[in-house]
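Q: File start-v3.cif follows (mmCIF, C-alpha atoms):
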data_input
loop_
_atom_site.label_atom_id
_atom_site.label_comp_id
_atom_site.auth_asym_id
_atom_site.auth_seq_id
_atom_site.Cartn_x
_atom_site.Cartn_y
_atom_site.Cartn_z
CA MET A 110 -29.23 7.44 14.88
CA LYS A 111 -27.38 10.70 15.17
CA PRO A 112 -25.64 11.87 12.02
CA LEU A 113 -21.97 11.20 12.13
CA THR A 114 -19.33 13.86 11.54
CA ASP A 115 -16.45 13.10 9.20
CA LYS A 116 -14.11 13.34 12.18
CA GLN A 117 -15.97 10.68 14.15
CA LEU A 118 -16.02 8.46 11.09
CA ASP A 119 -12.26 9.02 10.72
CA SER A 120 -11.50 8.01 14.28
CA SER A 121 -13.67 4.89 14.24
CA ILE A 122 -11.90 3.86 11.04
CA ALA A 123 -8.51 4.54 12.63
CA ASN A 124 -9.31 2.31 15.60
CA MET A 125 -10.55 -0.48 13.36
CA LEU A 126 -7.42 -0.29 11.21
CA ARG A 127 -5.15 -0.33 14.23
CA TRP A 128 -6.82 -3.40 15.69
CA GLY A 129 -7.04 -5.09 12.31
CA VAL A 130 -3.32 -4.72 11.67
CA ALA A 131 -2.40 -5.71 15.24
CA VAL A 132 -4.47 -8.91 15.07
CA ALA A 133 -3.26 -9.79 11.56
CA ALA A 134 0.39 -9.20 12.53
CA ALA A 135 -0.03 -11.31 15.69
CA VAL A 136 -1.52 -14.20 13.68
CA VAL A 137 1.24 -14.00 11.03
CA PHE A 138 3.84 -13.85 13.83
CA LEU A 139 2.36 -16.96 15.48
CA GLY A 140 2.50 -18.79 12.15
CA GLY A 141 6.10 -17.65 11.75
CA ILE A 142 7.10 -18.96 15.17
CA LEU A 143 5.44 -22.31 14.46
CA SER A 144 7.17 -22.57 11.07
CA LEU A 145 10.51 -22.19 12.83
CA ARG A 146 9.98 -25.37 14.85
CA ASN A 147 12.11 -27.02 12.21
CA PRO A 148 14.68 -24.23 11.72
CA THR A 149 17.12 -26.33 9.70
CA THR A 150 14.70 -27.12 6.86
CA THR A 151 16.28 -26.11 3.57
CA VAL A 152 14.56 -23.19 1.86
CA PRO A 153 13.70 -24.02 -1.77
CA GLY A 154 15.34 -20.78 -3.00
CA TYR A 155 12.39 -19.26 -4.86
CA VAL A 156 14.60 -18.33 -7.80
CA HIS A 157 11.92 -19.50 -10.21
CA PHE A 158 8.27 -18.74 -9.85
CA ARG A 159 6.00 -21.75 -9.45
CA PRO A 160 2.36 -20.73 -9.32
CA THR A 161 0.72 -22.17 -6.22
CA PRO A 162 -2.62 -20.42 -5.74
CA ILE A 163 -3.83 -19.88 -2.22
CA PRO A 164 -6.00 -22.72 -0.83
CA SER A 165 -9.70 -22.15 -0.23
CA LEU A 166 -10.80 -20.41 2.96
CA SER A 167 -12.13 -23.65 4.45
CA GLU A 168 -8.80 -25.41 3.75
CA ILE A 169 -6.92 -22.53 5.40
CA LEU A 170 -9.19 -22.58 8.45
CA HIS A 171 -8.89 -26.35 8.68
CA GLY A 172 -5.10 -26.13 8.46
CA ALA A 173 -4.94 -23.30 10.99
CA ALA A 174 -7.06 -25.31 13.43
CA HIS A 175 -4.42 -28.05 13.16
CA LEU A 176 -1.65 -25.47 13.76
CA ASP A 177 -0.23 -25.75 10.26
CA PRO A 178 2.21 -22.79 10.05
CA SER A 179 1.51 -21.94 6.38
CA SER A 180 -2.24 -21.91 6.93
CA ILE A 181 -1.89 -19.65 9.97
CA ILE A 182 0.28 -17.19 8.03
CA GLN A 183 -2.23 -17.24 5.15
CA LEU A 184 -5.06 -16.62 7.61
CA GLY A 185 -3.17 -13.60 8.99
CA ILE A 186 -2.63 -12.30 5.44
CA LEU A 187 -6.36 -12.65 4.70
CA LEU A 188 -7.17 -10.75 7.94
CA LEU A 189 -4.75 -8.03 6.85
CA ILE A 190 -6.35 -7.72 3.40
CA ALA A 191 -9.74 -7.54 5.11
CA THR A 192 -8.82 -4.35 7.01
CA PRO A 193 -8.95 -1.92 4.07
CA VAL A 194 -12.06 -3.71 2.78
CA LEU A 195 -13.71 -3.16 6.18
CA ARG A 196 -12.64 0.46 5.99
CA VAL A 197 -14.72 0.88 2.85
CA VAL A 198 -17.67 -0.84 4.58
CA PHE A 199 -17.31 1.61 7.52
CA CYS A 200 -17.43 4.48 5.04
CA ILE A 201 -20.61 3.17 3.41
CA VAL A 202 -22.30 2.99 6.82
CA GLY A 203 -20.96 6.42 7.78
CA PHE A 204 -22.12 8.07 4.55
CA ALA A 205 -25.50 6.37 4.86
CA ARG A 206 -25.92 7.88 8.33
CA GLN A 207 -25.06 11.27 6.84
CA ARG A 208 -27.68 10.61 4.14
CA ASP A 209 -25.05 11.25 1.50
CA LYS A 210 -26.44 9.05 -1.29
CA LEU A 211 -23.76 10.02 -3.81
CA TYR A 212 -20.97 8.83 -1.52
CA VAL A 213 -22.81 5.68 -0.49
CA PHE A 214 -22.88 4.89 -4.22
CA ILE A 215 -19.19 5.79 -4.75
CA SER A 216 -18.04 3.72 -1.74
CA ALA A 217 -20.22 0.80 -2.83
CA THR A 218 -18.54 0.91 -6.26
CA VAL A 219 -15.13 0.61 -4.60
CA LEU A 220 -16.39 -2.27 -2.43
CA ILE A 221 -17.70 -4.14 -5.49
CA ILE A 222 -14.30 -3.77 -7.21
CA LEU A 223 -12.56 -5.16 -4.09
CA ILE A 224 -14.98 -8.08 -3.77
CA TYR A 225 -14.59 -8.86 -7.47
CA SER A 226 -10.80 -9.04 -7.06
CA LEU A 227 -10.97 -11.23 -3.95
CA PHE A 228 -13.49 -13.74 -5.27
CA ARG A 229 -13.06 -13.76 -9.03
CA GLY A 230 -9.57 -12.32 -9.37
CA GLY A 231 -7.93 -15.48 -10.64
CA ARG A 232 -9.94 -15.65 -13.84
CA MET B 462 20.08 -21.76 3.08
CA ASN B 463 18.13 -23.06 6.05
CA LEU B 464 14.78 -21.66 7.09
CA ALA B 465 15.94 -19.88 10.27
CA ALA B 466 18.74 -18.01 8.48
CA PHE B 467 16.50 -17.15 5.50
CA THR B 468 13.74 -15.81 7.77
CA ALA B 469 16.15 -13.80 9.93
CA LEU B 470 17.94 -12.24 6.94
CA LEU B 471 14.66 -11.43 5.24
CA PHE B 472 13.26 -9.88 8.42
CA GLY B 473 16.37 -7.73 8.94
CA THR B 474 16.37 -6.53 5.33
CA SER B 475 12.64 -5.76 5.49
CA LEU B 476 13.10 -3.82 8.72
CA LEU B 477 15.71 -1.69 7.01
CA ALA B 478 13.51 -1.28 3.91
CA GLY B 479 10.58 -0.15 6.07
CA LEU B 480 12.81 2.32 7.90
CA LEU B 481 14.19 3.67 4.63
CA GLY B 482 10.73 3.87 3.12
CA ALA B 483 9.36 5.81 6.07
CA LEU B 484 12.29 8.23 6.32
CA THR B 485 12.26 9.06 2.60
CA GLY B 486 8.48 9.11 2.51
CA LEU B 487 8.48 6.70 -0.43
CA GLY B 488 7.10 3.65 1.37
CA GLY B 489 8.67 0.26 2.05
CA GLY B 490 7.54 -1.38 -1.19
CA VAL B 491 9.88 0.49 -3.49
CA VAL B 492 12.84 -0.67 -1.40
CA ILE B 493 11.91 -4.25 -0.51
CA VAL B 494 11.21 -5.45 -4.07
CA PRO B 495 14.69 -4.59 -5.43
CA ALA B 496 16.26 -5.89 -2.21
CA LEU B 497 14.51 -9.27 -2.55
CA VAL B 498 15.26 -9.58 -6.25
CA LEU B 499 18.84 -8.28 -6.27
CA LEU B 500 20.11 -9.59 -2.91
CA PHE B 501 18.05 -12.73 -2.31
CA LYS B 502 17.59 -13.68 -5.99
CA VAL B 503 13.93 -14.31 -5.28
CA ASP B 504 11.70 -14.39 -8.39
CA LEU B 505 10.20 -10.96 -9.08
CA ARG B 506 6.66 -12.30 -8.70
CA TYR B 507 7.25 -13.53 -5.15
CA ALA B 508 8.93 -10.20 -4.37
CA ILE B 509 6.02 -8.04 -5.53
CA GLY B 510 3.54 -10.36 -3.79
CA ALA B 511 5.31 -10.05 -0.43
CA SER B 512 5.80 -6.32 -0.96
CA LEU B 513 2.11 -5.72 -1.65
CA ILE B 514 1.21 -7.36 1.67
CA SER B 515 3.71 -5.16 3.50
CA VAL B 516 2.21 -2.11 1.75
CA ILE B 517 -1.25 -2.90 3.15
CA ALA B 518 0.20 -3.42 6.64
CA THR B 519 2.11 -0.13 6.54
CA SER B 520 -0.82 1.88 5.19
CA SER B 521 -3.28 0.58 7.78
CA GLY B 522 -0.70 0.62 10.58
CA SER B 523 0.27 4.24 10.08
CA ALA B 524 -3.27 5.48 9.43
CA VAL B 525 -3.80 6.22 13.12
CA ALA B 526 -1.00 8.78 13.21
CA TYR B 527 -2.26 10.40 10.02
CA ILE B 528 -5.85 10.57 11.23
CA ARG B 529 -4.73 12.25 14.42
CA GLU B 530 -3.57 15.15 12.26
CA GLY B 531 -7.15 15.43 11.00
CA LEU B 532 -6.13 16.39 7.49
CA SER B 533 -7.09 13.45 5.32
CA ASN B 534 -10.19 13.97 3.24
CA ILE B 535 -12.35 10.83 3.14
CA ARG B 536 -14.55 12.00 0.27
CA ILE B 537 -11.66 12.91 -2.01
CA GLY B 538 -9.96 9.66 -1.02
CA MET B 539 -13.02 7.51 -1.67
CA PHE B 540 -13.82 9.17 -5.00
CA LEU B 541 -10.26 8.69 -6.25
CA GLU B 542 -10.20 5.10 -4.99
CA VAL B 543 -12.66 4.24 -7.77
CA ALA B 544 -9.82 5.14 -10.16
CA THR B 545 -6.98 3.52 -8.20
CA THR B 546 -8.79 0.20 -7.58
CA LEU B 547 -9.80 -0.12 -11.24
CA GLY B 548 -6.20 0.70 -12.18
CA ALA B 549 -4.96 -1.90 -9.68
CA LEU B 550 -7.08 -4.59 -11.37
CA LEU B 551 -5.54 -3.66 -14.73
CA GLY B 552 -2.02 -3.60 -13.24
CA ALA B 553 -2.38 -7.01 -11.57
CA TRP B 554 -3.76 -8.39 -14.83
CA LEU B 555 -0.79 -6.95 -16.74
CA THR B 556 1.71 -8.50 -14.30
CA ALA B 557 0.79 -11.94 -15.62
CA ARG B 558 1.29 -10.79 -19.21
CA PHE B 559 4.55 -8.88 -18.92
CA SER B 560 7.91 -10.61 -18.64
CA ASN B 561 10.06 -10.17 -15.53
CA HIS B 562 12.50 -8.09 -17.62
CA THR B 563 9.82 -5.58 -18.60
CA ILE B 564 8.48 -5.30 -15.06
CA ALA B 565 12.02 -4.78 -13.71
CA VAL B 566 12.67 -1.92 -16.15
CA VAL B 567 9.34 -0.23 -15.33
CA PHE B 568 10.15 -0.69 -11.64
CA GLY B 569 13.53 1.00 -12.06
CA VAL B 570 11.99 3.98 -13.84
CA VAL B 571 9.38 4.37 -11.07
CA LEU B 572 12.17 4.22 -8.45
CA LEU B 573 14.07 7.01 -10.20
CA TYR B 574 10.91 9.11 -10.54
CA SER B 575 10.06 8.57 -6.86
CA ALA B 576 13.51 9.69 -5.72
CA TYR B 577 13.26 12.75 -7.99
CA SER B 578 9.76 13.66 -6.83
CA SER B 579 10.73 13.60 -3.16
CA TYR B 580 12.97 16.59 -3.93
CA GLN B 581 10.38 18.65 -5.78
CA SER B 582 9.58 21.90 -4.05
CA ARG B 583 6.08 22.02 -2.63
CA SER B 584 4.03 25.10 -3.25
CA GLN B 585 2.02 25.89 -0.19
CA GLN B 586 -0.35 28.14 -2.11
CA PHE B 587 -3.56 26.62 -3.25
CA VAL B 588 -6.41 27.98 -5.29
CA THR B 589 -9.48 28.95 -3.36
CA SER B 590 -11.18 31.11 -5.97
CA LYS B 591 -12.71 29.21 -8.88
CA PRO B 592 -14.11 25.86 -7.85
CA ASP B 593 -14.12 23.17 -10.51
CA PRO B 594 -17.85 22.55 -11.17
CA LEU B 595 -17.29 18.79 -11.00
CA ALA B 596 -15.45 19.21 -7.68
CA ALA B 597 -18.39 21.13 -6.26
CA LYS B 598 -20.83 18.46 -7.40
CA LEU B 599 -18.70 15.69 -5.88
CA GLN B 600 -18.02 17.67 -2.69
CA LEU B 601 -14.26 17.50 -3.27
CA THR B 602 -13.66 20.35 -0.84
CA GLY B 603 -12.42 20.84 2.68
CA THR B 604 -10.68 23.14 5.08
CA ASN B 605 -7.04 23.10 6.00
CA PRO B 606 -6.18 24.28 9.52
CA ALA B 607 -3.45 26.93 9.26
CA ALA B 608 -1.86 29.53 11.52
CA THR B 609 -4.09 32.19 9.96
CA GLY B 610 -7.27 30.21 10.57
CA ASP B 611 -8.99 27.50 8.58
CA GLN B 612 -8.32 27.81 4.88
CA PRO B 613 -10.92 26.33 2.55
CA TYR B 614 -9.66 24.39 -0.45
CA ASN B 615 -11.25 22.67 -3.40
CA ALA B 616 -10.06 20.26 -6.05
CA GLN B 617 -9.09 21.48 -9.52
CA HIS B 618 -8.74 19.52 -12.79
CA VAL B 619 -10.78 16.59 -11.48
CA PRO B 620 -10.85 14.51 -14.72
CA LEU B 621 -7.05 14.73 -15.16
CA GLY B 622 -6.46 13.94 -11.48
CA PHE B 623 -8.78 10.94 -11.75
CA THR B 624 -6.92 9.71 -14.85
CA ILE B 625 -3.51 9.98 -13.17
CA MET B 626 -4.91 8.13 -10.16
CA PHE B 627 -5.92 5.32 -12.50
CA GLY B 628 -2.29 5.23 -13.63
CA ALA B 629 -1.09 5.21 -10.02
CA GLY B 630 -3.37 2.23 -9.34
CA THR B 631 -2.05 0.42 -12.41
CA LEU B 632 1.56 0.88 -11.25
CA SER B 633 0.59 -0.31 -7.76
CA GLY B 634 -0.99 -3.48 -9.15
CA LEU B 635 1.82 -4.09 -11.64
CA LEU B 636 4.72 -3.56 -9.24
CA GLY B 637 3.31 -4.43 -5.81
CA ILE B 638 4.05 -0.98 -4.41
CA GLY B 639 1.89 1.75 -2.87
CA SER B 640 2.85 4.27 -5.61
CA GLY B 641 2.38 7.08 -3.12
CA ALA B 642 4.62 9.39 -5.16
CA VAL B 643 2.25 9.29 -8.15
CA LYS B 644 -0.83 9.64 -5.92
CA VAL B 645 0.65 12.73 -4.28
CA LEU B 646 1.54 14.10 -7.74
CA ALA B 647 -2.09 13.80 -8.84
CA MET B 648 -3.50 15.46 -5.72
CA ASP B 649 -0.81 18.05 -4.99
CA GLN B 650 0.32 19.14 -8.47
CA ILE B 651 -2.75 18.48 -10.62
CA MET B 652 -5.74 18.82 -8.30
CA LYS B 653 -3.98 21.61 -6.36
CA LEU B 654 -4.86 20.22 -2.95
CA PRO B 655 -2.76 21.30 0.05
CA PHE B 656 0.36 19.14 0.32
CA LYS B 657 -0.44 17.77 3.79
CA VAL B 658 -3.96 16.84 2.67
CA SER B 659 -2.46 15.07 -0.35
CA THR B 660 0.04 13.00 1.62
CA THR B 661 -2.36 11.93 4.37
CA THR B 662 -5.16 11.11 1.93
CA SER B 663 -2.67 9.22 -0.25
CA ASN B 664 -1.61 7.03 2.69
CA PHE B 665 -5.24 6.18 3.31
CA MET B 666 -5.82 5.24 -0.31
CA ILE B 667 -2.74 3.04 -0.58
CA GLY B 668 -4.22 0.22 1.54
CA VAL B 669 -7.49 0.04 -0.39
CA THR B 670 -5.66 0.18 -3.74
CA ALA B 671 -3.31 -2.61 -2.68
CA ALA B 672 -6.23 -4.74 -1.45
CA ALA B 673 -7.69 -4.59 -4.97
CA SER B 674 -4.62 -6.25 -6.49
CA ALA B 675 -4.05 -8.53 -3.48
CA GLY B 676 -7.05 -10.67 -4.41
CA ILE B 677 -5.62 -11.31 -7.87
CA TYR B 678 -2.12 -11.91 -6.47
CA LEU B 679 -3.51 -14.52 -4.04
CA HIS B 680 -5.27 -16.42 -6.80
CA ARG B 681 -2.13 -16.34 -8.95
CA GLY B 682 0.08 -17.61 -6.13
CA TYR B 683 2.34 -14.54 -5.92
CA ILE B 684 1.97 -14.41 -2.15
CA ASN B 685 4.19 -17.09 -0.66
CA PRO B 686 3.75 -17.48 3.14
CA THR B 687 7.44 -18.22 3.84
CA ILE B 688 8.53 -15.00 2.10
CA ALA B 689 5.57 -12.78 2.98
CA MET B 690 5.76 -13.51 6.73
CA PRO B 691 9.14 -11.91 7.55
CA VAL B 692 8.66 -9.21 4.90
CA MET B 693 5.29 -8.07 6.25
CA LEU B 694 6.44 -8.05 9.90
CA GLY B 695 9.82 -6.46 9.10
CA VAL B 696 8.54 -3.66 6.87
CA LEU B 697 5.71 -2.88 9.32
CA ALA B 698 8.11 -2.68 12.28
CA GLY B 699 10.64 -0.65 10.28
CA SER B 700 8.10 1.86 9.06
CA LEU B 701 6.63 2.38 12.54
CA ILE B 702 10.13 2.98 13.95
CA GLY B 703 10.87 5.31 11.02
CA ALA B 704 7.73 7.33 11.69
CA ARG B 705 8.81 7.79 15.32
CA ILE B 706 12.29 8.93 14.31
CA LEU B 707 10.72 11.43 11.89
CA MET B 708 8.68 12.98 14.69
CA LYS B 709 11.72 13.48 16.90
CA ALA B 710 14.64 14.33 14.68
CA ARG B 711 15.51 16.21 11.53
CA VAL B 712 16.82 13.68 9.12
CA HIS B 713 17.92 15.75 6.17
CA THR B 714 21.36 14.17 5.73
CA LEU B 715 19.93 10.69 6.19
CA LYS B 716 17.29 11.46 3.59
CA ILE B 717 19.90 12.46 1.00
CA LEU B 718 21.89 9.33 1.74
CA PHE B 719 18.82 7.12 1.36
CA SER B 720 17.80 8.82 -1.87
CA ILE B 721 21.20 7.90 -3.30
CA VAL B 722 20.49 4.28 -2.34
CA ILE B 723 17.09 4.46 -4.09
CA VAL B 724 18.61 5.94 -7.26
CA ALA B 725 21.26 3.19 -7.25
CA LEU B 726 18.57 0.52 -6.84
CA GLY B 727 16.62 2.12 -9.71
CA PHE B 728 19.58 1.94 -12.11
CA GLU B 729 20.40 -1.60 -10.99
CA MET B 730 16.80 -2.72 -11.67
CA ILE B 731 16.82 -1.16 -15.15
CA TYR B 732 20.24 -2.66 -15.93
CA SER B 733 19.28 -6.13 -14.65
CA GLY B 734 16.01 -5.99 -16.56
CA LEU B 735 17.65 -4.94 -19.83
CA THR B 736 20.42 -7.53 -19.59
CA GLY B 737 17.93 -10.25 -18.71
CA LYS B 738 19.40 -10.97 -15.27
CA ILE B 739 15.98 -10.72 -13.61
#
Would you give me this structure, written as structure tokens?

A:
Amino acid sequence: MKPLTDKQLDSSIANMLRWGVAVAAAVVFLGGILSLRNPTTTVPGYVHFRPTPIPSLSEILHGAAHLDPSSIIQLGILLLIATPVLRVVFCIVGFARQRDKLYVFISATVLIILIYSLFRGGR
Amino acid sequence: MNLAAFTALLFGTSLLAGLLGALTGLGGGVVIVPALVLLFKVDLRYAIGASLISVIATSSGSAVAYIREGLSNIRIGMFLEVATTLGALLGAWLTARFSNHTIAVVFGVVLLYSAYSSYQSRSQQFVTSKPDPLAAKLQLTGTNPAATGDQPYNAQHVPLGFTIMFGAGTLSGLLGIGSGAVKVLAMDQIMKLPFKVSTTTSNFMIGVTAAASAGIYLHRGYINPTIAMPVMLGVLAGSLIGARILMKARVHTLKILFSIVIVALGFEMIYSGLTGKI
């Protein structure tokens, strides 16, 4: 593989981010439209915080497959959170192709912190 | 309130917040949280959860325009993200331990600082002589295209910059904002990087920093789909429109007007926090 310039890495990241956000926004929008099928539902108000942790990924996917609006919005939110995580992955690959070991290590550290938050963050 | 009205009002407010955030350069998060809490009486935790999602959307969505300028420095950004993501974990952890009153007061202070910092004069001179030995080792250098040809730059005071970035990450995780103002402070004022490099690199870092607290927010249930949906779409749309306006028009008067709004929101947050209304 040819070594990658920082500029090329930048533009591949930019494209990924643009598509990531566009897809995530479209999914959230779809969920929003579906949730408005019953527009006269009363909104609970949200004046007091009631902790309701996000369902597991398989529950979200199952719900989304059955066109459950909340699950679709949550899926879109997960896709959105994935875009900056993917950006870090792109950087690791890019730095590896430049044989920049120091920055492969630094980017991998950031990725581990992100993965820790996503998978173990509740504890 | 019924769902259609709630969603429409939230979307409209978020659109305005995104527009305001883009035109002042402060980001949508610092506007949407007080708007949700003060106008919609939504619990602060739902507000910062929805805001954090909109921050990720805005950062990733506007990255394309920033990258086109070719000024962001991916190495400096990645190195400092170690500090901001660790800070974000601490901030998100603290959110569960602080009361809403405390968070509201801290939020108000950050709002006031942000408004103040957007009026600081920017020195366009940067040091090219003595490279910080740590900066050289970590390749925290680059070139800035200027009228007089490419100007090389390198980072100064790396340990202090890294420490302030940790603080910026903590604020981001605690308040659900991008804390771009503090990130720019660390890069522009402390590390003496060119201002344009600081702002574009900061925008890039905001999304990754926010993703680090987003995981914790999801597990804690701060991110409610009914609130996050219109907020994310509204702030994203507003900030993209704002960026377009910025490219076409000079918005000095508008900027002053919006800064007054931000200062007012800051005082209102501090007052509401101190009197226990939030």

Q: Using all atoms listed in the file and a cutoff of 10 Å, can you tell me which residues are near (-4.1, -8.0, -4.4) in the file's coordinates, and write them out as an mmCIF file with C-alpha atoms, in the frame of the given file?

A:
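Result saved to out01.cif:
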data_model
loop_
_atom_site.group_PDB
_atom_site.id
_atom_site.type_symbol
_atom_site.label_atom_id
_atom_site.label_comp_id
_atom_site.auth_asym_id
_atom_site.auth_seq_id
_atom_site.Cartn_x
_atom_site.Cartn_y
_atom_site.Cartn_z
ATOM 1 C CA ILE A 190 -6.350 -7.720 3.400
ATOM 2 C CA LEU A 223 -12.560 -5.160 -4.090
ATOM 3 C CA SER A 226 -10.800 -9.040 -7.060
ATOM 4 C CA LEU A 227 -10.970 -11.230 -3.950
ATOM 5 C CA GLY A 230 -9.570 -12.320 -9.370
ATOM 6 C CA GLY B 510 3.540 -10.360 -3.790
ATOM 7 C CA LEU B 513 2.110 -5.720 -1.650
ATOM 8 C CA ILE B 514 1.210 -7.360 1.670
ATOM 9 C CA ILE B 517 -1.250 -2.900 3.150
ATOM 10 C CA THR B 546 -8.790 0.200 -7.580
ATOM 11 C CA ALA B 549 -4.960 -1.900 -9.680
ATOM 12 C CA LEU B 550 -7.080 -4.590 -11.370
ATOM 13 C CA ALA B 553 -2.380 -7.010 -11.570
ATOM 14 C CA SER B 633 0.590 -0.310 -7.760
ATOM 15 C CA GLY B 634 -0.990 -3.480 -9.150
ATOM 16 C CA GLY B 637 3.310 -4.430 -5.810
ATOM 17 C CA VAL B 669 -7.490 0.040 -0.390
ATOM 18 C CA THR B 670 -5.660 0.180 -3.740
ATOM 19 C CA ALA B 671 -3.310 -2.610 -2.680
ATOM 20 C CA ALA B 672 -6.230 -4.740 -1.450
ATOM 21 C CA ALA B 673 -7.690 -4.590 -4.970
ATOM 22 C CA SER B 674 -4.620 -6.250 -6.490
ATOM 23 C CA ALA B 675 -4.050 -8.530 -3.480
ATOM 24 C CA GLY B 676 -7.050 -10.670 -4.410
ATOM 25 C CA ILE B 677 -5.620 -11.310 -7.870
ATOM 26 C CA TYR B 678 -2.120 -11.910 -6.470
ATOM 27 C CA LEU B 679 -3.510 -14.520 -4.040
ATOM 28 C CA HIS B 680 -5.270 -16.420 -6.800
ATOM 29 C CA ARG B 681 -2.130 -16.340 -8.950
ATOM 30 C CA TYR B 683 2.340 -14.540 -5.920
ATOM 31 C CA ILE B 684 1.970 -14.410 -2.150
#

Q: Compile the contact shell of B:Ser578 as a list of chain:residue names: residues with an atom at most 9 Å away, counting only C-alpha atoms, same-chain residues fewer than 5 positions apart removed.

A: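 These residues fall inside the cut-off: B:Leu573, B:Ala642, B:Val643, B:Leu646.
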
Q: Do you know which residues the PyMOL selection byres ((chain A) within 8 of (chain B)) returns on this file, as a PyMOL selection string?

A: chain A and resi 115-116+119-120+123-124+126-127+130+134+137-138+141+145+147-152+154-163+179+182-183+186+189-194+197+211-212+215-216+218-219+222-223+226-231

Q: Could you name the residues that touch A:Ala173 at 8 Å or less, counting all atoms listed in the file, but leaving out those on the same chain fewer than 6 positions away, as number ranges by chain?

A: A: 180-181, 184

Q: For each of A:Pro178, A:Pro164, A:Leu143, A:Leu195, take the minimum atom-to-atom distance to A:Trp128, counting all atoms listed in the file, then give the residue where this is smallest.

A: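 Smallest distance to A:Trp128 is found for A:Leu195.
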
Q: Using atom CA of B:Gly488 and atom CA of A:Arg196 as the two end points, give the distance in Å to one decimal.

A: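 Going from atom CA of B:Gly488 over to atom CA of A:Arg196 covers 20.5 Å.
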
Q: Given the file shown, enumerate the residues that the PyMOL selection byres ((chain B and resi 699) around 12) captures and present them as a PyMOL selection string.

A: chain B and resi 472-484+488-490+492-493+515+518-519+522-523+691-698+700-706

Q: Between atom CA of B:Ala511 and atom CA of B:Arg558, measure the distance and give it in Å to one decimal.

A: 19.2 Å

Q: Would you compute the distance between atom CA of A:Arg206 and atom CA of A:Ile221? Give it in Å to one decimal.

A: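 Separating atom CA of A:Arg206 from atom CA of A:Ile221 is a distance of 20.1 Å.
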
Q: Report as JSON, numbers by chain the full result of the PyMOL selection byres ((chain B and resi 603) around 10) when it is applied to this structure.

A: {"B": [532, 533, 534, 536, 537, 600, 601, 602, 604, 605, 606, 611, 612, 613, 614, 615, 616, 654, 658]}
